[in-house]
Amino acid sequence: ILGFLAMGEALVLISKEIDLSLGSIYGLVGVAFITLAEPMGIVGAFFAAMLLALLLGGINAFIIVKGNIPSMIVTLSTLFAYRGIIYVWTGGTIKSFSEAARAHWLTRLFGGEILGIEGALFWVLLLLFLLNMALFRMRFGNHLLAVGGDSVSALSHGVNVARTKTKAYVLAAGLAGLSGIITLCDKPQTHVTLGTLMELDAIASAVIDGCILTGGRGS
């Protein structure tokens, strides 16, 4: 579960930014998924929750890039803002999945087991492979490393710095949201503190695994 958040945080760190709100995004998207499951169905709740995750990442990126405000200040603020939305939305209590929701094919796809191993492991390995391909074999990864290394130089070579950083934040939020959804597919009982302090674990994991806080390097 932490692997999804760590990979998303790694993308942001490589771009020479930081995202302190991933734990709250993880919690809010998970709560959205389990809350919307009854009125919208599991599939509808999944897509709605993932759209919410991408929107939250986009909000972070917009304030940071367009407002030219340090990412630590912005994401620390949205950490508390997104966490506050959970309390206001739920009133402090969250319902669990029904038996029908637990038996749904999508819930079982993300939360079940494959050959006796938790399915989440296969999903994180698949995304690990795809993100490494994107980072070292695609233009996006080249731009991300360039922006993190020297944004002025990258801009002079035609790299759209704002767009590249926005993509990193949106992807990070999407991965955090997916992690929250997978958590609840596996263990459908939750609470309003879901994801608290997980952003610190994600940052530590990314740094231990080779990302540097000054940007431009990582995997």
# chains A, B, ... in the order shown; residues from 1 in each chain; ligands from 1

call {"tool": "select_by_dssp", "arguments": {"residues": "stretch 21-214 of chain A", "states": "helix (DSSP H, G or I)", "output": "PyMOL selection string"}}
result
chain A and resi 22-67+71-90+99-103+105-111+119-137+139-149+151-156+161-186+198-208

call {"tool": "residues_around", "arguments": {"residues": "A:Phe122", "least_positions_apart": "6", "cutoff": "12 Å", "atoms": "only C-alpha atoms", "output": "ChimeraX atom specification"}}
result
/A:1,3-4,109-116,128-129,182

call {"tool": "write_last_selection", "arguments": {"atoms": "N, CA, C and O atoms", "output": "compact mmCIF listing (two decimals), in the first residue's frame"}}
result
# COMPACT_ATOMS: atom_id res chain seq x y z
N ILE A 1 0.83 -1.20 0.00
CA ILE A 1 0.00 0.00 0.00
C ILE A 1 0.87 1.25 0.00
O ILE A 1 0.62 2.21 -0.72
N GLY A 3 3.75 1.51 -1.17
CA GLY A 3 4.49 1.61 -2.43
C GLY A 3 3.85 2.56 -3.43
O GLY A 3 4.54 3.30 -4.13
N PHE A 4 2.51 2.58 -3.50
CA PHE A 4 1.82 3.48 -4.43
C PHE A 4 2.12 4.94 -4.07
O PHE A 4 2.43 5.76 -4.94
N LEU A 109 -11.11 -7.72 -7.42
CA LEU A 109 -9.96 -7.52 -8.31
C LEU A 109 -8.84 -6.77 -7.61
O LEU A 109 -7.66 -7.11 -7.74
N PHE A 110 -9.20 -5.73 -6.84
CA PHE A 110 -8.20 -4.92 -6.14
C PHE A 110 -7.87 -5.44 -4.75
O PHE A 110 -6.75 -5.27 -4.28
N GLY A 111 -8.84 -6.07 -4.10
CA GLY A 111 -8.63 -6.45 -2.71
C GLY A 111 -8.48 -7.93 -2.46
O GLY A 111 -8.21 -8.34 -1.34
N GLY A 112 -8.65 -8.72 -3.49
CA GLY A 112 -8.56 -10.16 -3.30
C GLY A 112 -7.14 -10.68 -3.38
O GLY A 112 -6.16 -9.93 -3.33
N GLU A 113 -7.03 -11.98 -3.53
CA GLU A 113 -5.73 -12.64 -3.62
C GLU A 113 -5.57 -13.33 -4.96
O GLU A 113 -6.55 -13.76 -5.57
N ILE A 114 -4.34 -13.39 -5.43
CA ILE A 114 -3.99 -14.10 -6.66
C ILE A 114 -2.93 -15.13 -6.30
O ILE A 114 -1.84 -14.77 -5.83
N LEU A 115 -3.27 -16.40 -6.48
CA LEU A 115 -2.36 -17.49 -6.14
C LEU A 115 -1.91 -17.41 -4.67
O LEU A 115 -0.76 -17.68 -4.33
N GLY A 116 -2.83 -16.98 -3.81
CA GLY A 116 -2.53 -16.90 -2.39
C GLY A 116 -1.75 -15.67 -1.97
O GLY A 116 -1.36 -15.54 -0.81
N LEU A 128 5.01 -0.07 -10.97
CA LEU A 128 6.45 0.15 -10.83
C LEU A 128 7.14 0.00 -12.19
O LEU A 128 7.97 0.83 -12.58
N PHE A 129 6.78 -1.04 -12.92
CA PHE A 129 7.35 -1.28 -14.25
C PHE A 129 6.97 -0.15 -15.21
O PHE A 129 7.82 0.40 -15.93
N ILE A 182 -7.59 0.62 -2.96
CA ILE A 182 -7.14 -0.77 -2.79
C ILE A 182 -7.16 -1.17 -1.32
O ILE A 182 -7.52 -2.30 -0.97

call {"tool": "residues_around", "arguments": {"residues": "A:Gly8", "least_positions_apart": "6", "cutoff": "10 Å", "atoms": "only C-alpha atoms", "output": "PDB file with N, CA, C and O atoms, in the first residue's frame"}}
result
ATOM      1  N   ASP A  19       5.297  16.897  -1.862  1.00  0.00           N
ATOM      2  CA  ASP A  19       3.849  16.846  -1.639  1.00  0.00           C
ATOM      3  C   ASP A  19       3.578  16.257  -0.259  1.00  0.00           C
ATOM      4  O   ASP A  19       3.771  15.064  -0.032  1.00  0.00           O
ATOM      5  N   LEU A  22      -0.313  13.908   0.445  1.00  0.00           N
ATOM      6  CA  LEU A  22      -0.687  12.603  -0.101  1.00  0.00           C
ATOM      7  C   LEU A  22      -1.439  11.740   0.903  1.00  0.00           C
ATOM      8  O   LEU A  22      -2.338  10.985   0.521  1.00  0.00           O
ATOM      9  N   LEU A 131       5.961   2.958 -14.582  1.00  0.00           N
ATOM     10  CA  LEU A 131       6.531   4.253 -14.224  1.00  0.00           C
ATOM     11  C   LEU A 131       8.027   4.308 -14.502  1.00  0.00           C
ATOM     12  O   LEU A 131       8.555   5.357 -14.886  1.00  0.00           O
ATOM     13  N   ALA A 168       3.280  15.614 -12.641  1.00  0.00           N
ATOM     14  CA  ALA A 168       3.844  14.903 -11.486  1.00  0.00           C
ATOM     15  C   ALA A 168       2.882  14.936 -10.303  1.00  0.00           C
ATOM     16  O   ALA A 168       2.649  13.914  -9.642  1.00  0.00           O
ATOM     17  N   TYR A 169       2.299  16.104 -10.023  1.00  0.00           N
ATOM     18  CA  TYR A 169       1.371  16.220  -8.896  1.00  0.00           C
ATOM     19  C   TYR A 169       0.091  15.426  -9.130  1.00  0.00           C
ATOM     20  O   TYR A 169      -0.436  14.791  -8.209  1.00  0.00           O
ATOM     21  N   VAL A 170      -0.413  15.473 -10.356  1.00  0.00           N
ATOM     22  CA  VAL A 170      -1.648  14.747 -10.669  1.00  0.00           C
ATOM     23  C   VAL A 170      -1.417  13.242 -10.585  1.00  0.00           C
ATOM     24  O   VAL A 170      -2.248  12.500 -10.037  1.00  0.00           O
ATOM     25  N   LEU A 171      -0.300  12.778 -11.106  1.00  0.00           N
ATOM     26  CA  LEU A 171       0.025  11.349 -11.015  1.00  0.00           C
ATOM     27  C   LEU A 171       0.208  10.908  -9.567  1.00  0.00           C
ATOM     28  O   LEU A 171      -0.258   9.839  -9.165  1.00  0.00           O
ATOM     29  N   ALA A 172       0.884  11.730  -8.784  1.00  0.00           N
ATOM     30  CA  ALA A 172       1.099  11.401  -7.370  1.00  0.00           C
ATOM     31  C   ALA A 172      -0.231  11.287  -6.639  1.00  0.00           C
ATOM     32  O   ALA A 172      -0.447  10.352  -5.847  1.00  0.00           O
ATOM     33  N   ALA A 173      -1.133  12.216  -6.888  1.00  0.00           N
ATOM     34  CA  ALA A 173      -2.445  12.173  -6.251  1.00  0.00           C
ATOM     35  C   ALA A 173      -3.249  10.971  -6.726  1.00  0.00           C
ATOM     36  O   ALA A 173      -3.946  10.320  -5.937  1.00  0.00           O
ATOM     37  N   GLY A 174      -3.154  10.669  -8.015  1.00  0.00           N
ATOM     38  CA  GLY A 174      -3.855   9.504  -8.550  1.00  0.00           C
ATOM     39  C   GLY A 174      -3.378   8.211  -7.915  1.00  0.00           C
ATOM     40  O   GLY A 174      -4.183   7.330  -7.571  1.00  0.00           O
ATOM     41  N   LEU A 175      -2.069   8.087  -7.732  1.00  0.00           N
ATOM     42  CA  LEU A 175      -1.520   6.891  -7.095  1.00  0.00           C
ATOM     43  C   LEU A 175      -1.916   6.802  -5.626  1.00  0.00           C
ATOM     44  O   LEU A 175      -2.210   5.721  -5.110  1.00  0.00           O
ATOM     45  N   ALA A 176      -1.948   7.951  -4.954  1.00  0.00           N
ATOM     46  CA  ALA A 176      -2.386   7.967  -3.553  1.00  0.00           C
ATOM     47  C   ALA A 176      -3.851   7.553  -3.447  1.00  0.00           C
ATOM     48  O   ALA A 176      -4.236   6.778  -2.559  1.00  0.00           O
ATOM     49  N   ALA A 202       5.828   8.010   2.949  1.00  0.00           N
ATOM     50  CA  ALA A 202       6.052   8.026   1.499  1.00  0.00           C
ATOM     51  C   ALA A 202       7.323   8.798   1.146  1.00  0.00           C
ATOM     52  O   ALA A 202       8.120   8.360   0.305  1.00  0.00           O
ATOM     53  N   ILE A 203       7.529   9.948   1.792  1.00  0.00           N
ATOM     54  CA  ILE A 203       8.723  10.749   1.536  1.00  0.00           C
ATOM     55  C   ILE A 203       9.968   9.984   1.964  1.00  0.00           C
ATOM     56  O   ILE A 203      10.960   9.916   1.226  1.00  0.00           O
ATOM     57  N   ALA A 206      10.720   7.164  -0.514  1.00  0.00           N
ATOM     58  CA  ALA A 206      11.265   7.652  -1.771  1.00  0.00           C
ATOM     59  C   ALA A 206      12.724   8.075  -1.619  1.00  0.00           C
ATOM     60  O   ALA A 206      13.567   7.801  -2.485  1.00  0.00           O
TER      61      ALA A 206
END

call {"tool": "closest_residue", "arguments": {"among": "A:Ala146, A:Val159, A:Leu130, A:Ala120", "to": "A:Gly216", "atoms": "only C-alpha atoms"}}
result
A:Ala146

call {"tool": "residues_around", "arguments": {"residues": "A:Ile85", "least_positions_apart": "2", "cutoff": "12 Å", "atoms": "only C-alpha atoms", "output": "list in words"}}
result
Ser24, Ile25, Gly27, Leu28, Val29, Val31, Ala32, Leu56, Thr78, Leu79, Phe80, Ala81, Tyr82, Arg83, Tyr87, Val88, Trp89, Thr90, Gly91, Gly92, Val192 and Thr193 of chain A

call {"tool": "residues_around", "arguments": {"residues": "A:Ala48", "least_positions_apart": "2", "cutoff": "10 Å", "atoms": "only C-alpha atoms", "output": "list in words"}}
result
Val29, Ala32, Phe33, Leu36, Ala37, Met40, Ile42, Val43, Gly44, Ala45, Phe46, Met50, Leu51, Leu52 and Ala53 of chain A

call {"tool": "write_last_selection", "arguments": {"atoms": "C-alpha atoms", "output": "PDB file, in the first residue's frame"}}
result
ATOM      1  CA  VAL A  29     -10.368   9.356  -1.859  1.00  0.00           C
ATOM      2  CA  ALA A  32     -15.221   8.962  -1.141  1.00  0.00           C
ATOM      3  CA  PHE A  33     -15.032   5.453  -2.607  1.00  0.00           C
ATOM      4  CA  LEU A  36     -20.306   6.699  -2.852  1.00  0.00           C
ATOM      5  CA  ALA A  37     -20.440   2.920  -3.296  1.00  0.00           C
ATOM      6  CA  MET A  40     -23.391   5.068  -7.356  1.00  0.00           C
ATOM      7  CA  ILE A  42     -18.838   0.108  -6.949  1.00  0.00           C
ATOM      8  CA  VAL A  43     -17.758   0.937 -10.512  1.00  0.00           C
ATOM      9  CA  GLY A  44     -19.258   4.426 -10.418  1.00  0.00           C
ATOM     10  CA  ALA A  45     -17.722   5.090  -7.005  1.00  0.00           C
ATOM     11  CA  PHE A  46     -14.327   3.933  -8.259  1.00  0.00           C
ATOM     12  CA  MET A  50     -10.253   8.502  -8.947  1.00  0.00           C
ATOM     13  CA  LEU A  51     -11.471  11.700 -10.622  1.00  0.00           C
ATOM     14  CA  LEU A  52     -11.489  13.324  -7.186  1.00  0.00           C
ATOM     15  CA  ALA A  53      -7.881  12.204  -6.646  1.00  0.00           C
TER      16      ALA A  53
END
